[in-house]
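Asker: My structure is in coords-v2.txt, and what it holds is compact mmCIF, C-alpha atoms:
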# COMPACT_ATOMS: atom_id res chain seq x y z
CA MET A 1 0.00 0.00 0.00
CA THR A 2 2.77 2.40 0.92
CA VAL A 3 4.56 1.55 -2.27
CA LEU A 4 1.64 1.27 -4.64
CA SER A 5 -0.66 4.16 -3.83
CA LYS A 6 -0.40 7.01 -6.28
CA ASN A 7 -0.91 9.84 -3.87
CA PRO A 8 2.12 10.38 -1.59
CA VAL A 9 -0.10 11.53 1.28
CA HIS A 10 -1.94 8.22 1.16
CA SER A 11 1.42 6.45 1.29
CA VAL A 12 2.25 8.34 4.46
CA ILE A 13 -1.05 7.33 6.04
CA TYR A 14 -0.53 3.68 5.16
CA LEU A 15 3.00 3.83 6.51
CA ILE A 16 1.68 5.18 9.82
CA GLY A 17 -0.68 2.20 9.96
CA CYS A 18 2.25 -0.10 9.37
CA PHE A 19 4.19 1.57 12.18
CA PHE A 20 1.31 1.08 14.56
CA ALA A 21 1.22 -2.60 13.62
CA ILE A 22 4.94 -2.88 14.35
CA ALA A 23 4.40 -1.18 17.70
CA GLY A 24 1.76 -3.79 18.46
CA HIS A 25 4.33 -6.49 17.73
CA TYR A 26 6.72 -4.82 20.17
CA LEU A 27 4.00 -4.97 22.81
CA LEU A 28 3.53 -8.67 22.09
CA LEU A 29 7.26 -9.16 22.57
CA ASN A 30 7.20 -7.52 26.03
CA ALA A 31 9.01 -4.40 24.89
CA GLU A 32 6.54 -1.84 26.20
CA PHE A 33 8.87 1.12 26.44
CA LEU A 34 10.16 0.51 22.95
CA ALA A 35 6.61 0.39 21.60
CA VAL A 36 5.79 3.78 23.11
CA VAL A 37 9.04 5.29 21.87
CA HIS A 38 8.41 3.83 18.42
CA ILE A 39 4.98 5.43 18.18
CA ILE A 40 6.23 8.78 19.45
CA VAL A 41 9.30 8.92 17.23
CA TYR A 42 7.93 7.45 14.02
CA ALA A 43 4.25 8.29 13.94
CA GLY A 44 4.72 11.49 15.88
CA ALA A 45 7.90 12.98 14.52
CA ILE A 46 9.17 11.38 11.36
CA MET A 47 5.84 11.08 9.62
CA VAL A 48 4.92 14.64 10.51
CA LEU A 49 8.21 15.67 8.96
CA PHE A 50 7.36 13.73 5.80
CA LEU A 51 3.88 15.19 5.64
CA SER A 52 5.05 18.76 6.11
CA THR A 53 7.67 18.30 3.42
CA LEU A 54 5.03 16.92 1.08
CA MET A 55 2.77 19.88 1.77
CA LEU A 56 5.69 22.23 1.30
CA MET A 57 6.44 20.78 -2.11
CA ASN A 58 2.78 20.68 -3.08
CA LEU A 59 3.09 17.16 -4.40
CA ASN A 60 -0.18 15.88 -3.05
CA ASP A 61 -1.79 15.77 -6.44
CA GLU A 62 -0.97 12.88 -8.69
CA THR A 63 1.62 14.55 -10.83
CA GLU A 64 4.25 11.90 -10.54
CA GLN A 65 5.20 10.22 -13.75
CA HIS A 66 5.79 6.57 -13.31
CA LYS A 67 8.71 4.56 -14.45
CA PRO A 68 8.46 2.74 -17.76
CA ALA A 69 6.80 -0.65 -17.66
CA LEU A 70 10.05 -2.49 -18.21
CA ALA A 71 11.64 -0.90 -15.17
CA LYS A 72 8.54 -1.71 -13.12
CA ILE A 73 8.57 -5.34 -14.15
CA GLY A 74 12.29 -5.50 -13.43
CA ALA A 75 11.75 -4.01 -9.98
CA VAL A 76 9.00 -6.49 -9.16
CA ILE A 77 11.08 -9.42 -10.40
CA ALA A 78 14.15 -8.29 -8.46
CA ALA A 79 12.28 -7.79 -5.20
CA GLY A 80 10.36 -11.03 -5.65
CA LEU A 81 13.55 -12.97 -6.29
CA LEU A 82 15.15 -11.46 -3.20
CA MET A 83 12.15 -12.47 -1.13
CA LEU A 84 12.13 -15.95 -2.65
CA VAL A 85 15.79 -16.51 -1.88
CA LEU A 86 15.51 -15.21 1.68
CA VAL A 87 12.40 -17.23 2.46
CA ALA A 88 13.89 -20.39 0.94
CA VAL A 89 17.08 -20.01 2.95
CA LEU A 90 15.17 -19.39 6.15
CA LYS A 91 12.93 -22.37 5.52
CA LYS A 92 15.95 -24.60 5.05
CA ALA A 93 17.54 -23.34 8.24
CA ASP A 94 17.39 -25.51 11.30
CA ALA A 95 14.51 -24.85 13.60
CA LEU A 96 15.55 -22.77 16.55
CA PRO A 97 15.30 -24.41 19.94
CA ALA A 98 12.52 -23.35 22.21
CA PRO A 99 13.27 -20.11 23.99
CA VAL A 100 14.68 -20.13 27.45
CA ASN A 101 12.24 -19.19 30.14
CA GLN A 102 11.49 -15.60 29.46
CA ASP A 103 12.19 -12.82 31.82
CA LEU A 104 9.34 -10.35 31.50
CA SER A 105 11.25 -7.42 32.85
CA ILE A 106 13.83 -6.86 30.13
CA GLY A 107 11.64 -4.39 28.27
CA THR A 108 11.07 -2.12 31.22
CA ILE A 109 12.56 1.34 31.39
CA LYS A 110 14.62 0.44 34.45
CA ASN A 111 16.35 -2.48 32.83
CA LEU A 112 16.85 -0.77 29.49
CA GLY A 113 18.31 2.31 31.12
CA LYS A 114 20.73 0.17 33.06
CA VAL A 115 21.97 -1.57 29.93
CA LEU A 116 22.04 1.62 27.93
CA LEU A 117 24.10 3.58 30.40
CA ASP A 118 26.32 0.75 31.57
CA GLU A 119 27.38 -1.13 28.47
CA TYR A 120 26.58 1.33 25.73
CA LEU A 121 27.52 4.63 27.28
CA PHE A 122 29.92 5.66 24.55
CA PRO A 123 27.55 4.99 21.62
CA PHE A 124 24.88 6.83 23.57
CA GLU A 125 27.02 9.95 23.86
CA PHE A 126 28.11 9.55 20.27
CA SER A 127 24.51 9.48 19.07
CA SER A 128 23.91 12.79 20.85
CA VAL A 129 26.76 14.28 18.83
CA LEU A 130 25.18 12.76 15.72
CA PHE A 131 21.88 14.43 16.56
CA LEU A 132 23.53 17.77 17.10
CA SER A 133 25.35 17.60 13.78
CA ALA A 134 22.17 16.45 12.01
CA MET A 135 20.24 19.36 13.48
CA ILE A 136 22.88 21.88 12.45
CA GLY A 137 23.08 20.31 9.00
CA ALA A 138 19.34 20.42 8.48
CA VAL A 139 19.11 24.04 9.52
CA LEU A 140 22.06 25.03 7.35
CA LEU A 141 20.76 23.16 4.32
CA THR A 142 17.29 24.59 4.36
CA LYS A 143 18.37 28.12 5.18
CA LYS A 144 17.62 30.41 2.30
CA GLU A 145 20.68 32.11 0.97
CA ILE A 146 20.40 35.79 1.53
CA SER A 147 21.19 37.52 -1.71
CA PRO A 148 23.77 40.29 -1.55
CA GLN A 149 21.25 42.94 -2.64
CA THR A 150 19.18 42.66 0.49
CA PRO A 151 20.25 44.89 3.35
CA LYS A 152 21.90 43.33 6.33
CA GLY A 153 19.56 41.75 8.81
CA GLY A 154 16.52 42.03 6.60
CA PHE A 155 14.81 39.57 4.38
CA MET B 1 2.57 -13.60 29.52
CA PHE B 2 4.85 -15.53 27.25
CA SER B 3 5.34 -14.59 23.67
CA VAL B 4 3.00 -16.99 21.96
CA VAL B 5 4.16 -16.28 18.44
CA PRO B 6 7.11 -18.45 17.37
CA ILE B 7 10.18 -16.58 16.31
CA GLN B 8 10.10 -18.07 12.81
CA TYR B 9 7.01 -16.01 12.06
CA TYR B 10 8.80 -12.85 13.09
CA ILE B 11 11.70 -13.74 10.83
CA PHE B 12 9.35 -14.22 7.91
CA ILE B 13 7.34 -11.07 8.52
CA SER B 14 10.46 -8.95 8.72
CA THR B 15 11.78 -10.57 5.55
CA VAL B 16 8.56 -9.67 3.76
CA LEU B 17 8.66 -6.11 5.11
CA PHE B 18 12.25 -5.72 4.01
CA CYS B 19 11.41 -6.93 0.51
CA ILE B 20 8.49 -4.52 0.30
CA GLY B 21 10.93 -1.76 1.17
CA VAL B 22 13.32 -2.90 -1.56
CA LEU B 23 10.42 -3.00 -3.99
CA GLY B 24 9.47 0.55 -3.04
CA VAL B 25 13.00 1.81 -3.63
CA LEU B 26 13.13 0.18 -7.04
CA PHE B 27 9.56 0.91 -8.07
CA ARG B 28 8.93 4.59 -7.45
CA ARG B 29 10.38 7.77 -8.84
CA ASN B 30 9.36 10.11 -6.07
CA ALA B 31 12.34 10.59 -3.77
CA ILE B 32 10.16 11.04 -0.69
CA ILE B 33 8.51 7.66 -1.23
CA ILE B 34 11.96 6.17 -1.57
CA PHE B 35 12.84 7.63 1.83
CA MET B 36 9.72 6.08 3.28
CA SER B 37 10.67 2.70 1.83
CA VAL B 38 14.07 3.00 3.49
CA GLU B 39 12.25 3.65 6.76
CA LEU B 40 10.25 0.48 6.15
CA MET B 41 13.43 -1.53 5.72
CA LEU B 42 14.93 -0.08 8.91
CA ASN B 43 11.75 -0.98 10.74
CA SER B 44 11.82 -4.56 9.58
CA VAL B 45 15.34 -4.88 10.95
CA ASN B 46 14.18 -3.28 14.21
CA LEU B 47 11.39 -5.81 14.50
CA LEU B 48 13.82 -8.65 14.02
CA LEU B 49 16.17 -7.22 16.64
CA VAL B 50 13.38 -6.94 19.18
CA ALA B 51 12.18 -10.46 18.41
CA PHE B 52 15.62 -11.91 18.98
CA SER B 53 16.19 -9.84 22.08
CA ALA B 54 13.00 -11.25 23.55
CA TYR B 55 14.08 -14.71 22.45
CA HIS B 56 17.48 -14.51 24.09
CA ASN B 57 16.39 -12.55 27.14
CA ASP B 58 18.95 -9.92 26.33
CA ALA B 59 18.20 -6.22 26.53
CA SER B 60 21.10 -5.29 24.24
CA GLY B 61 18.94 -5.87 21.19
CA GLN B 62 16.44 -3.28 22.32
CA VAL B 63 19.23 -0.80 22.99
CA PHE B 64 20.42 -1.36 19.45
CA VAL B 65 16.90 -0.58 18.26
CA PHE B 66 17.23 2.75 20.04
CA PHE B 67 20.39 3.52 18.14
CA VAL B 68 18.79 2.51 14.84
CA MET B 69 15.89 4.85 15.58
CA ALA B 70 18.30 7.67 16.39
CA VAL B 71 20.22 7.17 13.17
CA ALA B 72 16.97 6.92 11.20
CA ALA B 73 15.68 10.16 12.66
CA ALA B 74 18.90 11.99 11.88
CA GLU B 75 18.96 10.53 8.39
CA VAL B 76 15.41 11.63 7.70
CA ALA B 77 16.05 15.14 8.96
CA VAL B 78 19.13 15.65 6.82
CA GLY B 79 17.71 13.84 3.80
CA LEU B 80 14.49 15.79 3.77
CA SER B 81 16.33 19.07 4.13
CA ILE B 82 18.52 18.10 1.17
CA LEU B 83 15.35 17.27 -0.76
CA VAL B 84 13.81 20.63 0.10
CA THR B 85 16.94 22.36 -1.15
CA ILE B 86 16.92 20.33 -4.37
CA TYR B 87 13.25 21.07 -4.88
CA ARG B 88 13.89 24.76 -4.40
CA ASN B 89 16.53 24.71 -7.11
CA VAL B 90 15.20 22.18 -9.61
CA HIS B 91 11.45 22.17 -8.82
CA SER B 92 11.28 18.41 -8.91
CA VAL B 93 11.96 15.45 -6.66
CA ASP B 94 11.83 12.97 -9.50
CA ILE B 95 14.95 10.87 -9.27
CA ASP B 96 15.08 10.27 -12.99
CA GLU B 97 15.50 14.00 -13.47
CA LEU B 98 18.10 14.25 -10.72
CA LYS B 99 20.52 11.91 -12.39
CA SER B 100 23.23 14.49 -12.77
CA LEU B 101 24.49 16.54 -9.92
CA LYS B 102 24.50 19.75 -11.91
CA HIS B 103 21.37 21.52 -12.85
Let me see whether you can do it: turn the structure in this file into structure tokens.

Answerer:
Amino acid sequence: MTVLSKNPVHSVIYLIGCFFAIAGHYLLLNAEFLAVVHIIVYAGAIMVLFLSTLMLMNLNDETEQHKPALAKIGAVIAAGLLMLVLVAVLKKADALPAPVNQDLSIGTIKNLGKVLLDEYLFPFEFSSVLFLSAMIGAVLLTKKEISPQTPKGGF
Amino acid sequence: MFSVVPIQYYIFISTVLFCIGVLGVLFRRNAIIIFMSVELMLNSVNLLLVAFSAYHNDASGQVFVFFVMAVAAAEVAVGLSILVTIYRNVHSVDIDELKSLKH
């Protein structure tokens, strides 16, 4: 649906539905905090970013020209073959043993925070630097260049 | 509450999601849809990581999902700002028209 719908706004809506489904799977897997974070980050932030960019570009009418039929068929065949190979390999693989008795508390905030700040402290700090640079980069890239004719400080 | 769904099903569903993402990248010409397909692929990998972390009783997998989300958010922010800049200059986000770097 995300891929096939003609209108990009519809694709965004379908993708949000898909994200909610994935969040439901996280809940099933006892990762409650991750499910909430997933909904907030993806459905709340990233999709809003996509939607606002779409509105900004005024692409919500069906103006997109599609690829030629040959390229479409090639894309479908390539993706289908990839899926076929992956599924065949996974079917051939040995069945995994039954899971060890599951600890229900690994998805809680307390446990996750412990692991995050004990074992993965350096990647955590590094990702904050990544965010900072991404923020600066985004602001710099979208800043309109002020032409030399305009007076200083004005638009 | 145990996880009642066997892990094989999670492997298959994330494989299918990943292939749908690949199909989206190959199929569409709109660069924004291609970004969304990349998000779909990242999410399928996230789902697999969470499934295996629940399977192995190891919270490291969920921490890795955090890092993937962080990288995805940063990537989307920078990528969309690049797209806005391109659109401002070229008035198109069609990747077949953006083949060359010059305008």

Asker: Kindly give the distance, in Å, that separates CA of Ile109 (chain A) and CA of His25 (chain A), rounded to a single decimal.

Answerer: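 That distance, rounded to one decimal, is 17.8 Å.
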
Asker: Determine, counting all atoms listed in the file, which protein, DNA and RNA residues have an atom within 8 Å of an atom of region 38-47 of chain A; residues of the same chain fewer than 6 positions away are not included. Present the result as a PyMOL selection string.

Answerer: (chain A and resi 12+16+19-20+23) or (chain B and resi 69+73+76)

Asker: Take the residues that were just selected and, keeping C-alpha atoms, output them as a JSON list (two decimals), keeping the file's coordinate frame.

Answerer:
[["chain", "number", "residue", "atom", "x", "y", "z"],
["A", 12, "VAL", "CA", 2.25, 8.34, 4.46],
["A", 16, "ILE", "CA", 1.68, 5.18, 9.82],
["A", 19, "PHE", "CA", 4.19, 1.57, 12.18],
["A", 20, "PHE", "CA", 1.31, 1.08, 14.56],
["A", 23, "ALA", "CA", 4.40, -1.18, 17.70],
["B", 69, "MET", "CA", 15.89, 4.85, 15.58],
["B", 73, "ALA", "CA", 15.68, 10.16, 12.66],
["B", 76, "VAL", "CA", 15.41, 11.63, 7.70]]

Asker: Taking all atoms listed in the file into account, which of A:Phe33, A:Glu125, A:Leu70, A:Ala79 comes nearest chain B?

Answerer: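 Of A:Phe33, A:Glu125, A:Leu70, A:Ala79, the one nearest chain B is A:Ala79, counting all atoms listed in the file.
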
Asker: I need the chain B residues near chain A as a list in words; criterion: at most 6 Å, counting all atoms listed in the file.

Answerer: Ser3, Cys19, Leu23, Gly24, Leu26, Phe27, Tyr55, Ala59, Ala74, Val78, Ser81 and Thr85 of chain B

Asker: Could you check how far CA of Phe52 (chain B) sits from CA of Met36 (chain B), in Å to one decimal?

Answerer: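 These two atoms are separated by 24.6 Å.
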
Asker: Report as JSON the centre and the edge lengths, in Å to one decimal, of the axis-aligned box holding every listed atom of region 51-59 of chain A, padded by 3 Å on each side.

Answerer:
{"center_x": 5.2, "center_y": 18.7, "center_z": 0.9, "size_x": 10.9, "size_y": 13.0, "size_z": 16.5}

Asker: Could you state the separation of CA of Ser37 (chain B) and CA of Phe18 (chain B) in Å, given to one decimal place?

Answerer: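 Distance between the two atoms: 8.8 Å.
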
Asker: Set the distance at 9 Å and use only C-alpha atoms: which residues neighbour Ile13 (chain B) once local chain neighbours fewer than 3 positions away are removed? I'd like the list as a VMD selection string.

Answerer: chain B and resid 8 to 10 16 to 18 44 47 to 48

Asker: Could you check the closest approach to Phe12 (chain B) for each of B:Val68, B:Val90, B:Phe35, B:Ala51 and tell me which residue wins, using all atoms listed in the file?

Answerer: B:Ala51

Asker: For Asn43 (chain B), which of B:Gln62, B:Ser14, B:His56, B:Ala31 is the closest residue, counting all atoms listed in the file?

Answerer: B:Ser14
